[in-house]
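Next comes final-v4.cif, a file with mmCIF, C-alpha atoms.
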data_data
loop_
_atom_site.label_atom_id
_atom_site.label_comp_id
_atom_site.auth_asym_id
_atom_site.auth_seq_id
_atom_site.Cartn_x
_atom_site.Cartn_y
_atom_site.Cartn_z
CA MET L 1 -12.28 -0.98 14.77
CA ASN L 2 -15.67 -2.34 15.79
CA ARG L 3 -17.22 -5.74 15.09
CA ILE L 4 -20.85 -5.71 13.96
CA GLU L 5 -23.40 -8.12 12.58
CA LYS L 6 -24.67 -5.89 9.76
CA LYS L 7 -23.17 -6.29 6.29
CA THR L 8 -24.62 -3.05 4.89
CA VAL L 9 -23.23 0.15 6.37
CA TYR L 10 -22.88 3.83 5.56
CA GLU L 11 -19.84 5.65 4.25
CA ALA L 12 -18.96 9.24 5.14
CA PHE L 13 -15.87 11.29 6.02
CA GLY L 14 -13.70 8.42 4.81
CA LEU L 15 -15.21 6.08 7.40
CA THR L 16 -17.47 3.07 7.25
CA VAL L 17 -20.27 3.67 9.74
CA SER L 18 -22.68 1.23 11.37
CA SER L 19 -25.63 3.09 12.91
CA GLU L 20 -28.71 2.07 14.87
CA ILE L 21 -30.07 5.51 13.96
CA PRO L 22 -31.14 5.90 10.31
CA LEU L 23 -28.89 8.38 8.49
CA PRO L 24 -30.56 8.82 5.08
CA GLU L 25 -28.12 11.59 4.10
CA LEU L 26 -25.22 9.15 3.93
CA LEU L 27 -24.22 6.77 1.16
CA HIS L 28 -24.92 3.07 1.68
CA VAL L 29 -22.06 0.65 1.03
CA ASN L 30 -21.68 -3.12 1.11
CA ILE L 31 -18.54 -4.41 2.77
CA GLU L 32 -17.05 -7.84 3.15
CA GLY L 33 -16.48 -8.96 6.71
CA ASP L 34 -17.86 -7.52 9.91
CA ILE L 35 -15.62 -4.55 10.74
CA THR L 36 -16.45 -0.85 10.55
CA ASP L 37 -14.59 2.27 11.62
CA LEU L 38 -17.43 3.86 13.58
CA VAL L 39 -20.46 2.54 15.47
CA ILE L 40 -23.41 4.80 16.32
CA GLU L 41 -25.87 3.45 18.88
CA ASN L 42 -28.63 4.41 21.30
CA ALA L 43 -28.17 4.07 25.07
CA ASP L 44 -29.23 5.75 28.30
CA LEU L 45 -26.49 8.25 29.23
CA LEU L 46 -28.33 10.14 31.96
CA SER L 47 -26.54 8.57 34.92
CA LEU L 48 -23.14 8.95 33.24
CA TRP L 49 -23.93 12.59 32.51
CA LYS L 50 -24.89 13.26 36.11
CA GLU L 51 -21.72 11.56 37.34
CA HIS L 52 -19.33 13.63 35.23
CA SER L 53 -21.00 16.99 34.55
CA ALA L 54 -21.21 20.08 36.72
CA PRO L 55 -24.45 22.07 37.19
CA ASN L 56 -25.37 24.19 34.14
CA GLU L 57 -22.59 22.55 32.14
CA ASP L 58 -23.23 21.36 28.59
CA PHE L 59 -19.86 19.80 27.71
CA VAL L 60 -17.55 17.33 29.45
CA ILE L 61 -14.25 16.86 27.61
CA LYS L 62 -11.61 14.26 28.48
CA LYS L 63 -8.62 12.93 26.56
CA ASP L 64 -10.42 10.05 24.85
CA TRP L 65 -14.07 11.00 25.12
CA ILE L 66 -16.41 13.94 24.87
CA MET L 67 -19.93 14.15 26.22
CA PHE L 68 -22.36 16.99 25.59
CA ARG L 69 -26.01 17.77 26.17
CA VAL L 70 -28.49 19.61 23.97
CA LEU L 71 -31.62 20.34 25.99
CA GLY L 72 -34.73 19.05 24.26
CA THR L 73 -32.67 16.89 21.91
CA ALA L 74 -30.21 14.40 23.44
CA ILE L 75 -27.06 13.64 25.39
CA PHE L 76 -24.21 12.56 23.11
CA LEU L 77 -21.03 10.60 23.91
CA ILE L 78 -18.07 10.41 21.51
CA GLN L 79 -15.39 7.84 22.37
CA SER L 80 -11.90 7.13 21.02
CA GLY L 81 -12.74 8.05 17.44
CA SER L 82 -14.80 4.90 17.01
CA ARG L 83 -18.10 5.22 18.88
CA ILE L 84 -21.00 7.67 19.17
CA VAL L 85 -23.70 7.01 21.74
CA VAL L 86 -26.98 8.94 21.63
CA SER L 87 -29.42 9.27 24.51
CA PRO L 88 -32.48 11.11 23.12
CA PHE L 89 -34.88 13.15 25.23
CA ASN L 90 -38.56 12.31 24.88
CA GLU L 91 -39.45 15.44 22.92
CA ALA L 92 -36.50 15.16 20.52
CA TYR L 93 -36.85 15.51 16.75
CA GLU L 94 -34.94 12.89 14.76
CA ASP L 95 -33.81 15.50 12.23
CA GLU L 96 -32.12 17.57 14.94
CA ILE L 97 -30.45 14.50 16.45
CA ARG L 98 -28.97 13.73 13.04
CA LEU L 99 -27.72 17.32 12.72
CA TYR L 100 -25.66 16.88 15.89
CA ILE L 101 -24.46 13.40 14.91
CA LEU L 102 -23.23 14.62 11.52
CA GLY L 103 -21.96 17.93 12.92
CA THR L 104 -20.50 18.17 16.43
CA CYS L 105 -20.18 14.40 16.94
CA MET L 106 -18.42 13.80 13.63
CA GLY L 107 -16.17 16.80 14.23
CA ALA L 108 -15.10 15.25 17.54
CA ILE L 109 -14.67 11.80 15.97
CA LEU L 110 -12.39 13.25 13.29
CA MET L 111 -10.27 15.05 15.89
CA GLN L 112 -9.93 11.88 17.95
CA ARG L 113 -8.77 10.11 14.77
CA LYS L 114 -6.21 12.90 14.07
CA THR L 115 -8.14 14.23 11.09
CA LEU L 116 -8.45 18.03 11.01
CA PRO L 117 -12.10 19.14 10.75
CA LEU L 118 -12.37 22.60 9.21
CA HIS L 119 -15.65 24.52 9.52
CA GLY L 120 -16.82 25.28 6.02
CA SER L 121 -17.57 23.92 2.56
CA ALA L 122 -15.12 22.23 0.22
CA VAL L 123 -15.55 22.31 -3.55
CA ALA L 124 -13.69 20.42 -6.28
CA ILE L 125 -12.41 22.63 -9.09
CA ASP L 126 -10.39 21.00 -11.88
CA GLY L 127 -9.35 18.06 -9.73
CA LYS L 128 -8.31 20.13 -6.71
CA ALA L 129 -10.06 20.88 -3.42
CA TYR L 130 -10.73 24.42 -2.23
CA ALA L 131 -12.09 25.14 1.24
CA ILE L 132 -14.44 28.03 2.00
CA VAL L 133 -14.26 28.75 5.74
CA GLY L 134 -15.89 31.38 7.92
CA ASP L 135 -18.16 32.08 10.85
CA SER L 136 -21.72 30.77 10.96
CA GLY L 137 -23.83 32.88 8.63
CA ALA L 138 -20.86 34.11 6.59
CA GLY L 139 -22.28 32.50 3.43
CA LYS L 140 -19.96 29.50 3.03
CA SER L 141 -22.57 27.01 1.78
CA THR L 142 -24.17 29.68 -0.42
CA LEU L 143 -20.86 30.44 -2.12
CA ALA L 144 -20.22 26.72 -2.55
CA SER L 145 -23.68 26.39 -4.10
CA ALA L 146 -22.85 29.21 -6.54
CA LEU L 147 -19.77 27.25 -7.60
CA LEU L 148 -21.90 24.12 -8.04
CA LYS L 149 -24.18 26.15 -10.31
CA ARG L 150 -21.13 26.65 -12.53
CA GLY L 151 -20.68 22.88 -12.82
CA TYR L 152 -18.14 22.22 -10.08
CA GLN L 153 -18.56 19.53 -7.42
CA LEU L 154 -19.12 19.38 -3.67
CA ILE L 155 -16.67 17.50 -1.47
CA SER L 156 -18.05 18.43 1.95
CA ASP L 157 -20.41 20.88 3.61
CA ASP L 158 -20.11 22.15 7.19
CA VAL L 159 -17.34 19.77 8.34
CA ILE L 160 -14.30 19.43 6.05
CA PRO L 161 -12.04 16.43 6.88
CA VAL L 162 -8.37 17.19 6.14
CA THR L 163 -5.51 14.68 6.39
CA LEU L 164 -1.90 14.64 5.19
CA ASN L 165 -0.73 12.09 2.65
CA ASN L 166 2.71 10.47 2.61
CA GLU L 167 4.20 13.60 1.02
CA ASN L 168 2.55 15.83 3.68
CA VAL L 169 0.15 17.20 1.09
CA PRO L 170 -3.19 18.09 2.74
CA CYS L 171 -6.13 16.21 1.23
CA VAL L 172 -9.89 16.59 1.69
CA THR L 173 -11.98 13.45 2.14
CA PRO L 174 -15.60 13.58 0.91
CA SER L 175 -18.30 13.67 3.60
CA TYR L 176 -21.79 13.08 2.15
CA PRO L 177 -23.78 14.50 -0.79
CA GLN L 178 -25.84 17.22 0.85
CA GLN L 179 -25.71 20.96 1.42
CA LYS L 180 -27.46 23.02 4.08
CA LEU L 181 -28.91 26.25 2.67
CA TRP L 182 -30.92 29.04 4.23
CA LEU L 183 -34.28 29.96 2.71
CA GLU L 184 -32.82 33.31 1.61
CA SER L 185 -30.20 31.49 -0.47
CA LEU L 186 -32.80 29.22 -2.06
CA ILE L 187 -34.79 32.29 -3.08
CA HIS L 188 -31.74 33.96 -4.65
CA PHE L 189 -30.95 30.79 -6.59
CA GLU L 190 -34.63 30.48 -7.63
CA MET L 191 -34.94 27.11 -5.90
CA ASP L 192 -38.41 26.18 -4.58
CA SER L 193 -38.14 25.44 -0.84
CA THR L 194 -41.09 23.02 -1.05
CA ASN L 195 -38.78 20.66 -2.94
CA TYR L 196 -36.44 20.37 0.05
CA HIS L 197 -36.60 19.03 3.58
CA SER L 198 -36.40 21.50 6.47
CA LEU L 199 -33.50 20.66 8.79
CA THR L 200 -34.86 22.02 12.06
CA VAL L 201 -38.15 23.13 13.57
CA ARG L 202 -36.76 26.54 14.55
CA GLU L 203 -34.88 27.75 11.50
CA ASN L 204 -35.48 28.22 7.78
CA LYS L 205 -32.59 25.97 6.79
CA PHE L 206 -32.99 23.19 4.23
CA ALA L 207 -31.24 20.00 3.15
CA VAL L 208 -30.27 20.16 -0.52
CA PRO L 209 -29.11 16.82 -2.01
CA VAL L 210 -26.25 17.03 -4.53
CA GLN L 211 -25.72 13.38 -5.54
CA ASN L 212 -24.99 14.30 -9.17
CA GLN L 213 -22.33 16.83 -8.21
CA PHE L 214 -20.51 15.01 -5.43
CA VAL L 215 -16.89 13.88 -5.38
CA THR L 216 -16.33 10.39 -3.99
CA GLU L 217 -12.51 10.33 -3.80
CA PRO L 218 -10.12 12.47 -1.73
CA LEU L 219 -8.56 15.46 -3.48
CA PRO L 220 -5.51 17.61 -2.62
CA LEU L 221 -6.39 20.78 -0.75
CA THR L 222 -4.91 23.61 -2.81
CA GLY L 223 -6.47 26.75 -1.33
CA VAL L 224 -8.44 28.14 1.58
CA PHE L 225 -10.79 31.10 1.19
CA GLU L 226 -11.92 32.80 4.39
CA LEU L 227 -15.29 34.46 3.83
CA VAL L 228 -16.11 37.42 6.08
CA LYS L 229 -18.73 40.14 6.11
CA GLY L 230 -17.62 43.73 5.45
CA GLU L 231 -19.01 47.25 5.61
CA ASN L 232 -17.93 48.37 2.13
CA ASP L 233 -20.11 48.07 -0.96
CA GLU L 234 -17.52 46.15 -2.95
CA ILE L 235 -15.94 42.74 -2.58
CA GLU L 236 -12.39 42.86 -1.25
CA VAL L 237 -9.76 40.13 -1.52
CA LYS L 238 -6.38 39.90 0.17
CA PRO L 239 -3.85 37.13 0.85
CA ILE L 240 -3.44 35.72 4.35
CA GLU L 241 0.25 35.50 5.12
CA HIS L 242 2.74 33.80 7.46
CA LEU L 243 1.68 33.29 11.09
CA GLN L 244 -1.84 34.55 10.39
CA ARG L 245 -2.35 31.23 8.64
CA PHE L 246 -1.79 29.36 11.92
CA TYR L 247 -4.41 31.49 13.61
CA LYS L 248 -6.91 31.07 10.77
CA LEU L 249 -6.55 27.28 10.75
CA TYR L 250 -7.09 27.16 14.49
CA TYR L 251 -9.98 29.62 14.46
CA HIS L 252 -11.77 27.77 11.65
CA THR L 253 -11.25 24.29 13.09
CA TYR L 254 -14.69 22.84 13.72
CA ARG L 255 -15.38 22.87 17.49
CA ASN L 256 -11.88 24.18 18.26
CA SER L 257 -12.87 24.38 21.94
CA PHE L 258 -12.34 20.59 22.05
CA ILE L 259 -8.67 20.73 21.05
CA GLN L 260 -6.89 21.69 24.27
CA GLN L 261 -8.91 19.58 26.72
CA SER L 262 -8.60 16.60 24.40
CA GLY L 263 -4.81 16.88 24.58
CA LEU L 264 -4.50 17.66 20.88
CA MET L 265 -2.70 21.02 20.84
CA ASP L 266 0.62 19.55 19.66
CA TRP L 267 -1.08 17.53 16.94
CA HIS L 268 -3.04 20.57 15.74
CA PHE L 269 0.11 22.72 15.64
CA ASN L 270 2.07 20.09 13.72
CA ILE L 271 -0.56 19.46 11.07
CA SER L 272 -1.11 23.21 10.69
CA ALA L 273 2.64 23.82 10.26
CA LYS L 274 2.75 21.30 7.43
CA MET L 275 -0.43 22.60 5.78
CA ILE L 276 0.48 26.28 5.62
CA LYS L 277 3.50 25.52 3.43
CA LYS L 278 1.41 23.69 0.85
CA ILE L 279 -1.70 25.79 0.23
CA ASP L 280 -2.76 29.33 -0.64
CA PHE L 281 -4.83 31.42 1.80
CA TYR L 282 -7.10 34.32 0.91
CA GLN L 283 -9.67 36.40 2.71
CA LEU L 284 -12.80 37.41 0.79
CA ARG L 285 -14.67 40.30 2.38
CA ARG L 286 -18.21 40.63 1.06
CA PRO L 287 -20.77 43.43 1.49
CA THR L 288 -23.90 42.61 3.46
CA ASN L 289 -26.26 44.90 1.56
CA ARG L 290 -26.59 42.69 -1.52
CA PHE L 291 -26.36 39.07 -2.72
CA THR L 292 -22.76 38.44 -3.79
CA ALA L 293 -22.38 34.65 -4.08
CA LEU L 294 -22.37 34.68 -7.90
CA ASP L 295 -19.86 37.55 -8.01
CA LEU L 296 -17.66 35.77 -5.46
CA SER L 297 -17.73 32.58 -7.49
CA ASP L 298 -16.63 34.58 -10.58
CA LEU L 299 -13.80 36.10 -8.57
CA ILE L 300 -12.56 32.73 -7.28
CA ILE L 301 -12.57 31.11 -10.73
CA ASN L 302 -10.79 34.09 -12.28
CA MET L 303 -8.17 34.04 -9.50
CA LEU L 304 -7.51 30.35 -10.04
CA LYS L 305 -7.21 30.85 -13.80
CA MET L 306 -4.71 33.66 -13.28
CA GLU L 307 -2.66 31.53 -10.88
CA GLU L 308 -2.61 28.70 -13.41
CA ILE L 309 -1.31 31.10 -16.07
CA VAL L 310 1.39 32.39 -13.71
CA HIS L 311 2.49 28.85 -12.73
CA ASP L 312 2.59 27.76 -16.36
#
The structure given in the file should be rewritten as structure tokens.
Amino acid sequence: MNRIEKKTVYEAFGLTVSSEIPLPELLHVNIEGDITDLVIENADLLSLWKEHSAPNEDFVIKKDWIMFRVLGTAIFLIQSGSRIVVSPFNEAYEDEIRLYILGTCMGAILMQRKTLPLHGSAVAIDGKAYAIVGDSGAGKSTLASALLKRGYQLISDDVIPVTLNNENVPCVTPSYPQQKLWLESLIHFEMDSTNYHSLTVRENKFAVPVQNQFVTEPLPLTGVFELVKGENDEIEVKPIEHLQRFYKLYYHTYRNSFIQQSGLMDWHFNISAKMIKKIDFYQLRRPTNRFTALDLSDLIINMLKMEEIVHD
């Protein structure tokens, strides 16, 4: 834990966060005392980077700290699950620095704190959490947005924090009330892009606030849906069974390349072994020749209703 002078801090990913860098996406909280879980600060990391990195290398990973460089943006240092240090380059855009703080840096922080960060979106449906995982561009956030259109709630977008409770039930902790959606998705949902803030200078991706549809308490993770692109014209669904579940959890861990060099392989195996006994896994294969998010959301809700009938 870190001592600070500020009394007002942010809250995200189940952590209280004191940051020298403004993070308008996050929720402000007032806390008593002077202790937070995570401190984010600016400092010059250039000499440390030169000392530890090899030529043409962008990541340096040790047991208790990770340092990485994004040319044109910043050097970042993540330490012991409690500290993020940012060393911006002169030409850096603040929006892109925040993307890396709330993405790669937070993913590393969660790992260091033994919280499993899945790459995807988590949605609350009838008091339970469901994770939508997949490769970049698979349509995870778009499918989550389609579920929000039906009145359900967002728990997390991009990085999903998963922990085990005392009964070894996996639970998802809320991150912050924002989605990241491509321009194409906004158009399909008939959302005017001029109402939203562009996330980067190079891509048509936008920040979409969801304060009114955001869960603020952890929920049990009941199912994982892997979203993949397919060649067929129809949506296909199939269960993911047995040892394939281990592979899928590893593959869809956010920044899984950090796991081995951080000395976390045993931890990742153990939490995965406990998770796969408690949740359902499905793969959703969607066609690429048409917009399917609304159809996929129908399919998920109908599947969950059928399971509820069977269990009753």
Given the PyMOL selection byres ((chain L and resi 8-20) around 9), the residues it picks as a JSON list (two decimals) with C-alpha atoms, in the frame of the given file:
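For reference, out-v1.json as written:
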[["chain", "number", "residue", "atom", "x", "y", "z"],
["L", 4, "ILE", "CA", -20.85, -5.71, 13.96],
["L", 6, "LYS", "CA", -24.67, -5.89, 9.76],
["L", 7, "LYS", "CA", -23.17, -6.29, 6.29],
["L", 21, "ILE", "CA", -30.07, 5.51, 13.96],
["L", 22, "PRO", "CA", -31.14, 5.90, 10.31],
["L", 23, "LEU", "CA", -28.89, 8.38, 8.49],
["L", 26, "LEU", "CA", -25.22, 9.15, 3.93],
["L", 27, "LEU", "CA", -24.22, 6.77, 1.16],
["L", 28, "HIS", "CA", -24.92, 3.07, 1.68],
["L", 29, "VAL", "CA", -22.06, 0.65, 1.03],
["L", 30, "ASN", "CA", -21.68, -3.12, 1.11],
["L", 31, "ILE", "CA", -18.54, -4.41, 2.77],
["L", 35, "ILE", "CA", -15.62, -4.55, 10.74],
["L", 36, "THR", "CA", -16.45, -0.85, 10.55],
["L", 37, "ASP", "CA", -14.59, 2.27, 11.62],
["L", 38, "LEU", "CA", -17.43, 3.86, 13.58],
["L", 39, "VAL", "CA", -20.46, 2.54, 15.47],
["L", 40, "ILE", "CA", -23.41, 4.80, 16.32],
["L", 41, "GLU", "CA", -25.87, 3.45, 18.88],
["L", 42, "ASN", "CA", -28.63, 4.41, 21.30],
["L", 106, "MET", "CA", -18.42, 13.80, 13.63],
["L", 110, "LEU", "CA", -12.39, 13.25, 13.29],
["L", 156, "SER", "CA", -18.05, 18.43, 1.95],
["L", 159, "VAL", "CA", -17.34, 19.77, 8.34],
["L", 160, "ILE", "CA", -14.30, 19.43, 6.05],
["L", 161, "PRO", "CA", -12.04, 16.43, 6.88],
["L", 173, "THR", "CA", -11.98, 13.45, 2.14],
["L", 174, "PRO", "CA", -15.60, 13.58, 0.91],
["L", 175, "SER", "CA", -18.30, 13.67, 3.60],
["L", 176, "TYR", "CA", -21.79, 13.08, 2.15],
["L", 217, "GLU", "CA", -12.51, 10.33, -3.80],
["L", 218, "PRO", "CA", -10.12, 12.47, -1.73]]
Translate the PyMOL selection byres ((chain L and resi 230) around 12), as applied to the file shown, into an explicit residue set as number ranges by chain. L: 138, 227-229, 231-237, 283-290, 292
Box for segment 40-49 of chain L - axis-aligned, 5 Å on each of the six sides, all listed atoms - centre and size in Å to one decimal, as AutoDock Vina command-line options.
--center_x -26.2 --center_y 8.0 --center_z 25.6 --size_x 16.1 --size_y 19.1 --size_z 28.6
Between segment 191-265 of chain L and segment 56-73 of chain L, at 10 Å or less, what are the per-residue closest atom pairs and their distances in Å? Count all atoms listed in the file, order by chain and rising residue number, and return it as a tab-separated table.
residue	atom	partner	partner_atom	distance
L:Ser257	CA	L:Ile61	CA	9.5
L:Phe258	CA	L:Ile61	CA	7.0
L:Ile259	CA	L:Ile61	CA	9.4
L:Gln260	CA	L:Lys63	CA	9.2
L:Gln261	CA	L:Ile61	CA	6.1
L:Ser262	CA	L:Lys63	CA	4.3
L:Gly263	CA	L:Lys63	CA	5.8
L:Leu264	CA	L:Lys63	CA	8.5
Given the selection you just returned, output its residues as a file containing C-alpha atoms, formatted as a PDB file, in the frame of the given file.
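Contents of selection.pdb, freshly written:
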ATOM      1  CA  SER L 257     -12.870  24.380  21.940  1.00  0.00           C
ATOM      2  CA  PHE L 258     -12.340  20.590  22.050  1.00  0.00           C
ATOM      3  CA  ILE L 259      -8.670  20.730  21.050  1.00  0.00           C
ATOM      4  CA  GLN L 260      -6.890  21.690  24.270  1.00  0.00           C
ATOM      5  CA  GLN L 261      -8.910  19.580  26.720  1.00  0.00           C
ATOM      6  CA  SER L 262      -8.600  16.600  24.400  1.00  0.00           C
ATOM      7  CA  GLY L 263      -4.810  16.880  24.580  1.00  0.00           C
ATOM      8  CA  LEU L 264      -4.500  17.660  20.880  1.00  0.00           C
TER       9      LEU L 264
END
Spell out the residues picked by the PyMOL selection byres ((chain L and resi 77) around 7) here, as a ChimeraX atom specification. /L:66-68,75-76,78-79,84-86
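In this structure, atom CA of Ala293 of chain L sits 8.4 Å away from atom CA of Ala144 of chain L.
Shell of Thr200 of chain L at 9 Å, with all atoms listed in the file counted and residues fewer than 6 places along the chain excluded, is Tyr93, Asp95, Glu96, Leu99 and Phe206 of chain L.
Contact shell of Glu184 of chain L at 10 Å (all atoms listed in the file; same-chain neighbours under 6 positions omitted): Thr142, Glu190, Met191, Ser193, Asn204, Lys205 and Phe291 of chain L.
Ranking L:Gly151, L:Gly137, L:Gly127, L:Pro170 by their shortest atom-to-atom distance to Ser297 of chain L, with all atoms listed in the file included, puts L:Gly151 first.
You will find atom CA of Ser136 of chain L at 8.9 Å from atom CA of Gly120 of chain L.
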Selected residue, from L:Leu45, L:Val162, L:Ile276, L:Met306, that lies nearest to Gly107 of chain L when counting only C-alpha atoms: L:Val162
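Atom CA of Gln112 of chain L sits 6.0 Å away from atom CA of Ser80 of chain L.
Checking L:Ala273, L:Ala129, L:Leu48, L:Leu296 one by one against Leu143 of chain L, counting all atoms listed in the file, you find the shortest gap at L:Leu296.
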Who sits within 12 Å of Ile279 of chain L, all atoms listed in the file, same chain under 2 positions skipped, as a PDB file with C-alpha atoms, in the frame of the given file:
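In the end it all went to result23.pdb:
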ATOM      1  CA  LYS L 128      -8.310  20.130  -6.710  1.00  0.00           C
ATOM      2  CA  ALA L 129     -10.060  20.880  -3.420  1.00  0.00           C
ATOM      3  CA  TYR L 130     -10.730  24.420  -2.230  1.00  0.00           C
ATOM      4  CA  ALA L 131     -12.090  25.140   1.240  1.00  0.00           C
ATOM      5  CA  ASN L 168       2.550  15.830   3.680  1.00  0.00           C
ATOM      6  CA  VAL L 169       0.150  17.200   1.090  1.00  0.00           C
ATOM      7  CA  PRO L 170      -3.190  18.090   2.740  1.00  0.00           C
ATOM      8  CA  CYS L 171      -6.130  16.210   1.230  1.00  0.00           C
ATOM      9  CA  PRO L 220      -5.510  17.610  -2.620  1.00  0.00           C
ATOM     10  CA  LEU L 221      -6.390  20.780  -0.750  1.00  0.00           C
ATOM     11  CA  THR L 222      -4.910  23.610  -2.810  1.00  0.00           C
ATOM     12  CA  GLY L 223      -6.470  26.750  -1.330  1.00  0.00           C
ATOM     13  CA  VAL L 224      -8.440  28.140   1.580  1.00  0.00           C
ATOM     14  CA  PHE L 225     -10.790  31.100   1.190  1.00  0.00           C
ATOM     15  CA  PRO L 239      -3.850  37.130   0.850  1.00  0.00           C
ATOM     16  CA  ILE L 240      -3.440  35.720   4.350  1.00  0.00           C
ATOM     17  CA  GLU L 241       0.250  35.500   5.120  1.00  0.00           C
ATOM     18  CA  HIS L 242       2.740  33.800   7.460  1.00  0.00           C
ATOM     19  CA  ARG L 245      -2.350  31.230   8.640  1.00  0.00           C
ATOM     20  CA  LEU L 249      -6.550  27.280  10.750  1.00  0.00           C
ATOM     21  CA  SER L 272      -1.110  23.210  10.690  1.00  0.00           C
ATOM     22  CA  ALA L 273       2.640  23.820  10.260  1.00  0.00           C
ATOM     23  CA  LYS L 274       2.750  21.300   7.430  1.00  0.00           C
ATOM     24  CA  MET L 275      -0.430  22.600   5.780  1.00  0.00           C
ATOM     25  CA  ILE L 276       0.480  26.280   5.620  1.00  0.00           C
ATOM     26  CA  LYS L 277       3.500  25.520   3.430  1.00  0.00           C
ATOM     27  CA  PHE L 281      -4.830  31.420   1.800  1.00  0.00           C
ATOM     28  CA  TYR L 282      -7.100  34.320   0.910  1.00  0.00           C
TER      29      TYR L 282
END
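Every protein, DNA or RNA residue with an atom at most 10 Å from Phe189 of chain L, where all atoms listed in the file count and chain neighbours fewer than 6 positions away do not, is listed here: L:Thr142, L:Ser145, L:Ala146, L:Lys149, L:Leu183, L:Ala293, L:Leu294.
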